[in-house]
Every structure is written in C-alpha cells, then in structure tokens.
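Colleague: So I've got this file, work_14.pdb, and it contains PDB, C-alpha atoms:
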ATOM      1  CA  MET A   7     161.942-111.340  21.659
ATOM      2  CA  ASP A   8     163.210-110.681  18.138
ATOM      3  CA  LEU A   9     161.257-113.023  15.844
ATOM      4  CA  GLN A  10     163.090-112.224  12.614
ATOM      5  CA  PRO A  11     165.724-114.991  12.981
ATOM      6  CA  TYR A  12     162.896-117.513  13.435
ATOM      7  CA  GLN A  13     161.034-116.443  10.292
ATOM      8  CA  ASN A  14     163.797-116.871   7.729
ATOM      9  CA  PRO A  15     162.294-117.876   4.341
ATOM     10  CA  THR A  16     165.196-120.195   3.501
ATOM     11  CA  THR A  17     164.860-122.052   6.809
ATOM     12  CA  ILE A  18     161.103-122.327   6.315
ATOM     13  CA  GLN A  19     161.549-123.751   2.809
ATOM     14  CA  ARG A  20     164.193-126.257   3.934
ATOM     15  CA  VAL A  21     161.988-127.469   6.787
ATOM     16  CA  LEU A  22     158.956-127.801   4.507
ATOM     17  CA  HIS A  23     160.755-129.524   1.643
ATOM     18  CA  SER A  24     162.589-132.031   3.835
ATOM     19  CA  ALA A  25     159.618-133.066   5.987
ATOM     20  CA  ARG A  26     157.249-135.984   5.524
ATOM     21  CA  THR A  27     156.078-136.628   9.098
ATOM     22  CA  ILE A  28     154.525-133.850  11.187
ATOM     23  CA  ALA A  29     153.467-134.276  14.810
ATOM     24  CA  ILE A  30     150.859-131.660  15.703
ATOM     25  CA  VAL A  31     150.939-130.974  19.449
ATOM     26  CA  GLY A  32     147.552-129.673  20.543
ATOM     27  CA  LEU A  33     145.635-130.930  17.504
ATOM     28  CA  SER A  34     141.937-130.496  18.238
ATOM     29  CA  PRO A  35     139.109-132.797  17.123
ATOM     30  CA  ASN A  36     136.943-129.672  16.698
ATOM     31  CA  GLU A  37     136.604-128.969  12.960
ATOM     32  CA  LEU A  38     136.294-125.236  13.655
ATOM     33  CA  ARG A  39     139.729-124.971  15.301
ATOM     34  CA  ALA A  40     142.772-123.842  13.316
ATOM     35  CA  SER A  41     144.770-126.900  14.398
ATOM     36  CA  TYR A  42     142.178-129.236  12.872
ATOM     37  CA  PHE A  43     142.168-127.332   9.589
ATOM     38  CA  VAL A  44     145.979-127.328   9.420
ATOM     39  CA  GLY A  45     146.124-131.061  10.169
ATOM     40  CA  TYR A  46     143.476-131.783   7.555
ATOM     41  CA  TYR A  47     145.304-129.654   4.970
ATOM     42  CA  LEU A  48     148.683-131.289   5.622
ATOM     43  CA  LYS A  49     147.189-134.781   5.504
ATOM     44  CA  ARG A  50     145.487-133.935   2.215
ATOM     45  CA  HIS A  51     148.818-132.745   0.793
ATOM     46  CA  GLY A  52     150.594-136.028   1.480
ATOM     47  CA  TYR A  53     152.209-135.488   4.854
ATOM     48  CA  THR A  54     152.010-138.126   7.569
ATOM     49  CA  VAL A  55     150.182-136.275  10.349
ATOM     50  CA  ILE A  56     150.526-137.476  13.926
ATOM     51  CA  PRO A  57     148.051-136.014  16.438
ATOM     52  CA  VAL A  58     149.508-135.367  19.897
ATOM     53  CA  ASN A  59     146.678-134.703  22.351
ATOM     54  CA  PRO A  60     146.417-136.652  25.619
ATOM     55  CA  ARG A  61     142.643-136.075  25.830
ATOM     56  CA  GLU A  62     141.835-137.791  22.532
ATOM     57  CA  SER A  63     142.343-141.316  21.235
ATOM     58  CA  SER A  64     141.742-140.433  17.567
ATOM     59  CA  ILE A  65     141.714-137.230  15.495
ATOM     60  CA  LEU A  66     141.321-137.007  11.703
ATOM     61  CA  GLY A  67     140.894-140.781  11.748
ATOM     62  CA  LEU A  68     144.441-141.133  13.100
ATOM     63  CA  THR A  69     145.701-142.463  16.434
ATOM     64  CA  SER A  70     146.353-139.618  18.853
ATOM     65  CA  TYR A  71     149.308-139.908  21.220
ATOM     66  CA  ALA A  72     149.579-138.466  24.720
ATOM     67  CA  SER A  73     153.084-137.077  24.158
ATOM     68  CA  LEU A  74     155.858-136.886  21.593
ATOM     69  CA  SER A  75     157.748-139.653  23.385
ATOM     70  CA  ASP A  76     154.831-142.022  22.694
ATOM     71  CA  VAL A  77     155.047-141.528  18.915
ATOM     72  CA  PRO A  78     156.522-144.739  17.421
ATOM     73  CA  VAL A  79     158.059-143.187  14.274
ATOM     74  CA  PRO A  80     160.669-140.467  13.609
ATOM     75  CA  ILE A  81     159.228-136.939  13.533
ATOM     76  CA  ASP A  82     160.382-134.383  10.975
ATOM     77  CA  ILE A  83     158.449-131.385  12.343
ATOM     78  CA  VAL A  84     156.864-130.786  15.741
ATOM     79  CA  ASP A  85     154.084-128.269  15.032
ATOM     80  CA  VAL A  86     152.875-126.587  18.233
ATOM     81  CA  PHE A  87     149.311-125.375  18.838
ATOM     82  CA  ARG A  88     149.614-124.843  22.592
ATOM     83  CA  ALA A  89     149.892-121.926  24.982
ATOM     84  CA  PRO A  90     153.334-120.267  24.954
ATOM     85  CA  ALA A  91     153.988-121.358  28.548
ATOM     86  CA  ALA A  92     153.907-125.011  27.432
ATOM     87  CA  LEU A  93     156.644-124.509  24.818
ATOM     88  CA  PRO A  94     159.759-125.169  26.966
ATOM     89  CA  ALA A  95     158.530-128.652  27.930
ATOM     90  CA  ILE A  96     157.473-129.394  24.342
ATOM     91  CA  ALA A  97     160.852-128.201  23.039
ATOM     92  CA  GLN A  98     162.671-130.458  25.515
ATOM     93  CA  GLU A  99     160.553-133.397  24.403
ATOM     94  CA  ALA A 100     161.168-132.554  20.713
ATOM     95  CA  VAL A 101     164.907-132.569  21.377
ATOM     96  CA  ALA A 102     164.635-135.869  23.307
ATOM     97  CA  VAL A 103     162.847-137.640  20.420
ATOM     98  CA  LYS A 104     165.328-136.171  17.919
ATOM     99  CA  ALA A 105     162.703-134.288  15.916
ATOM    100  CA  GLY A 106     163.892-132.549  12.756
ATOM    101  CA  ALA A 107     162.459-129.102  13.537
ATOM    102  CA  LEU A 108     160.261-127.157  15.946
ATOM    103  CA  TRP A 109     157.457-125.074  14.410
ATOM    104  CA  CYS A 110     155.505-122.664  16.624
ATOM    105  CA  GLN A 111     152.176-121.500  15.198
ATOM    106  CA  PHE A 112     150.847-117.934  15.380
ATOM    107  CA  GLY A 113     151.046-116.598  18.928
ATOM    108  CA  VAL A 114     153.145-119.479  20.292
ATOM    109  CA  ILE A 115     156.090-117.307  21.285
ATOM    110  CA  ASN A 116     158.334-118.333  24.175
ATOM    111  CA  GLU A 117     162.002-117.390  24.229
ATOM    112  CA  GLU A 118     163.021-120.179  26.607
ATOM    113  CA  GLY A 119     161.387-122.840  24.416
ATOM    114  CA  THR A 120     163.005-121.553  21.245
ATOM    115  CA  LYS A 121     166.432-121.442  22.896
ATOM    116  CA  ILE A 122     166.105-125.055  24.111
ATOM    117  CA  ALA A 123     165.431-126.289  20.564
ATOM    118  CA  GLU A 124     167.923-123.959  18.921
ATOM    119  CA  GLU A 125     170.764-124.923  21.274
ATOM    120  CA  ALA A 126     170.090-128.582  20.473
ATOM    121  CA  GLY A 127     170.520-127.818  16.762
ATOM    122  CA  LEU A 128     166.881-127.916  15.658
ATOM    123  CA  PRO A 129     165.685-125.394  13.079
ATOM    124  CA  VAL A 130     163.005-123.270  14.766
ATOM    125  CA  VAL A 131     160.162-121.346  13.138
ATOM    126  CA  VAL A 132     158.123-119.022  15.351
ATOM    127  CA  ASP A 133     154.837-117.166  14.852
ATOM    128  CA  ARG A 134     154.181-118.608  11.395
ATOM    129  CA  CYS A 135     151.418-120.945  10.206
ATOM    130  CA  LEU A 136     152.700-124.163   8.649
ATOM    131  CA  LYS A 137     149.704-124.355   6.315
ATOM    132  CA  ILE A 138     150.140-120.796   5.051
ATOM    133  CA  GLU A 139     153.892-121.211   4.558
ATOM    134  CA  HIS A 140     153.354-124.524   2.766
ATOM    135  CA  ALA A 141     150.870-122.845   0.440
ATOM    136  CA  ARG A 142     153.251-119.935  -0.134
ATOM    137  CA  TYR A 143     156.360-121.962  -0.967
ATOM    138  CA  VAL A 144     154.881-125.014  -2.639
ATOM    139  CA  GLY A 145     153.010-122.771  -5.045
ATOM    140  CA  ARG A 146     149.372-123.035  -3.987
ATOM    141  CA  MET A 147     148.752-119.516  -2.698
ATOM    142  CA  HIS A 148     149.258-117.755  -5.999
ATOM    143  CA  TRP A 149     146.112-119.423  -7.353
ATOM    144  CA  LEU A 150     144.139-117.273  -4.924
ATOM    145  CA  GLY A 151     145.840-114.084  -6.057
ATOM    146  CA  PHE A 152     148.180-113.649  -3.088
ATOM    147  CA  ASN A 153     151.597-112.117  -3.622
ATOM    148  CA  THR A 154     153.966-114.937  -2.698
ATOM    149  CA  SER A 155     157.119-112.866  -3.306
ATOM    150  CA  ARG A 156     158.334-115.481  -5.776
ATOM    151  CA  ILE A 157     159.562-114.388  -9.195
ATOM    152  CA  THR A 158     159.941-117.875 -10.618
ATOM    153  CA  SER A 159     157.459-120.312 -12.091
ATOM    154  CA  VAL A 160     159.406-123.249 -10.633
ATOM    155  CA  ARG A 161     157.233-124.930  -8.007
ATOM    156  CA  SER A 162     159.619-127.408  -6.440
ATOM    157  CA  GLY A 163     162.926-127.225  -4.645
ATOM    158  CA  LEU A 164     164.506-124.417  -2.695
ATOM    159  CA  GLN A 165     164.447-120.956  -4.182
TER     160      GLN A 165
END
Once more with this new file: its structure as structure tokens, please.

Modeller:
Amino acid sequence: MDLQPYQNPTTIQRVLHSARTIAIVGLSPNELRASYFVGYYLKRHGYTVIPVNPRESSILGLTSYASLSDVPVPIDIVDVFRAPAALPAIAQEAVAVKAGALWCQFGVINEEGTKIAEEAGLPVVVDRCLKIEHARYVGRMHWLGFNTSRITSVRSGLQ
C-alpha cells in the first residue's frame, strides 16, 4: 500500500486545525501505553477527548464508550489505536457517525479500511501520530530542537 497520499502535510494541517473533538478508539487506561499519552496530551491542549474502549467505563477521568455509535456528540477525528485488521469495521462506523476524519496511528495500516473512509469522503491520515503531527504543525516541536520543516514564525493557520 502506498502511504504517501495518506501523509499529505496540507491534509494533516487541515484536519488538525479544524478539529475540536477527537474520539480515540483503543484508548488504554495504562499510563505507559502510547494511546494514554496521546489522549492526555490532546486533552491538555484543549481538545475534547472521547475514549472508545468497551472494556473500560472511564479513562483520563472521562466516560469511555463501547463504540463510536454510542458517542453522543459529533466527532471531528476518529483516532485509531487498534490492530490493522480492526480498521475496516472502525472506518465503517466512522462513516456511519459522520466523523470529520479518520486518523490511523503508527502501524495501523489497512488498505480496505482506508478505502472505506476515503470513498465516503473522509480525509484519511495513515501511519502518523496525531500527537507528533500536532506538535509539528502547531509549533511545539521546535522548542525541543526538532526540524519541523517550517520556514515561518507564524504558529497558527494553514501554511
């Protein structure tokens, strides 16, 4: 699968800058898991984080839902921390709830799932970390000395 079309910087920036509500499918209550850290980071940066994990009732002090269809508010981004084989069903559910975008974390690569979301008109990001991309494009990463490939000092809006 060619990942380049699903890692377009302009698409990533548009998704990040237009989102306020992020449902994290597979969010773990374990503080050592990447999903927990990403959820914590996004919550701390002002996003409304919605845990989606049928085995938990609460994560990060927030109500956890069994599925996307149980979430009572509109979802801007569905962020997936699940095995690649689970992606087609998650993509179908994201389309059904009219989510704004489908974001597949590192290693969550499934061509069928991406096609389902893409054919329904959802922007799709694959094999990228939402936290890292947020830090890169909102202007936080440069404080740590990382090359963000940005030549401007402007920290808001699309570049």

Colleague: Could you write out as a VMD selection string the residues that the PyMOL selection byres ((chain A and resi 125-139) around 10) matches in the shown file?

Modeller: chain A and resid 9 to 15 17 to 22 40 to 41 43 to 48 83 to 87 97 to 98 100 to 102 104 to 117 119 to 124 140 to 147 154

Colleague: Calculate how many Å separate CA of Tyr42 (chain A) from CA of Val55 (chain A), rounding to one decimal.

Modeller: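 Separation between CA of Tyr42 (chain A) and CA of Val55 (chain A): 11.0 Å.
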
Colleague: So, counting all atoms listed in the file, which residue among A:Asp82, A:Ala91, A:Ser73, A:Ser24 is closest to Pro60 (chain A)?

Modeller: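 So, comparing all the options, the nearest one is A:Ser73.
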
Colleague: Mind telling me what the PyMOL selection byres ((chain A and resi 56) around 9) catches here, as a PDB file with C-alpha atoms, in the coordinates of the input?

Modeller:
ATOM      1  CA  THR A  27     156.078-136.628   9.098  1.00  0.00           C
ATOM      2  CA  ILE A  28     154.525-133.850  11.187  1.00  0.00           C
ATOM      3  CA  ALA A  29     153.467-134.276  14.810  1.00  0.00           C
ATOM      4  CA  ILE A  30     150.859-131.660  15.703  1.00  0.00           C
ATOM      5  CA  VAL A  31     150.939-130.974  19.449  1.00  0.00           C
ATOM      6  CA  LEU A  33     145.635-130.930  17.504  1.00  0.00           C
ATOM      7  CA  GLY A  45     146.124-131.061  10.169  1.00  0.00           C
ATOM      8  CA  THR A  54     152.010-138.126   7.569  1.00  0.00           C
ATOM      9  CA  VAL A  55     150.182-136.275  10.349  1.00  0.00           C
ATOM     10  CA  PRO A  57     148.051-136.014  16.438  1.00  0.00           C
ATOM     11  CA  VAL A  58     149.508-135.367  19.897  1.00  0.00           C
ATOM     12  CA  ILE A  65     141.714-137.230  15.495  1.00  0.00           C
ATOM     13  CA  LEU A  68     144.441-141.133  13.100  1.00  0.00           C
ATOM     14  CA  THR A  69     145.701-142.463  16.434  1.00  0.00           C
ATOM     15  CA  SER A  70     146.353-139.618  18.853  1.00  0.00           C
ATOM     16  CA  TYR A  71     149.308-139.908  21.220  1.00  0.00           C
ATOM     17  CA  VAL A  77     155.047-141.528  18.915  1.00  0.00           C
ATOM     18  CA  ILE A  81     159.228-136.939  13.533  1.00  0.00           C
TER      19      ILE A  81
END

Colleague: Mind giving me the straight-line distance from CA of Gly52 (chain A) to CA of Thr16 (chain A) in Å, one decimal?

Modeller: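 Those two atoms sit 21.6 Å apart.
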
Colleague: Go ahead and compute the interatomic distance for CA of Ala92 (chain A) and CA of His23 (chain A), in Å to one decimal.

Modeller: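 Between CA of Ala92 (chain A) and CA of His23 (chain A) the gap works out to 27.1 Å.
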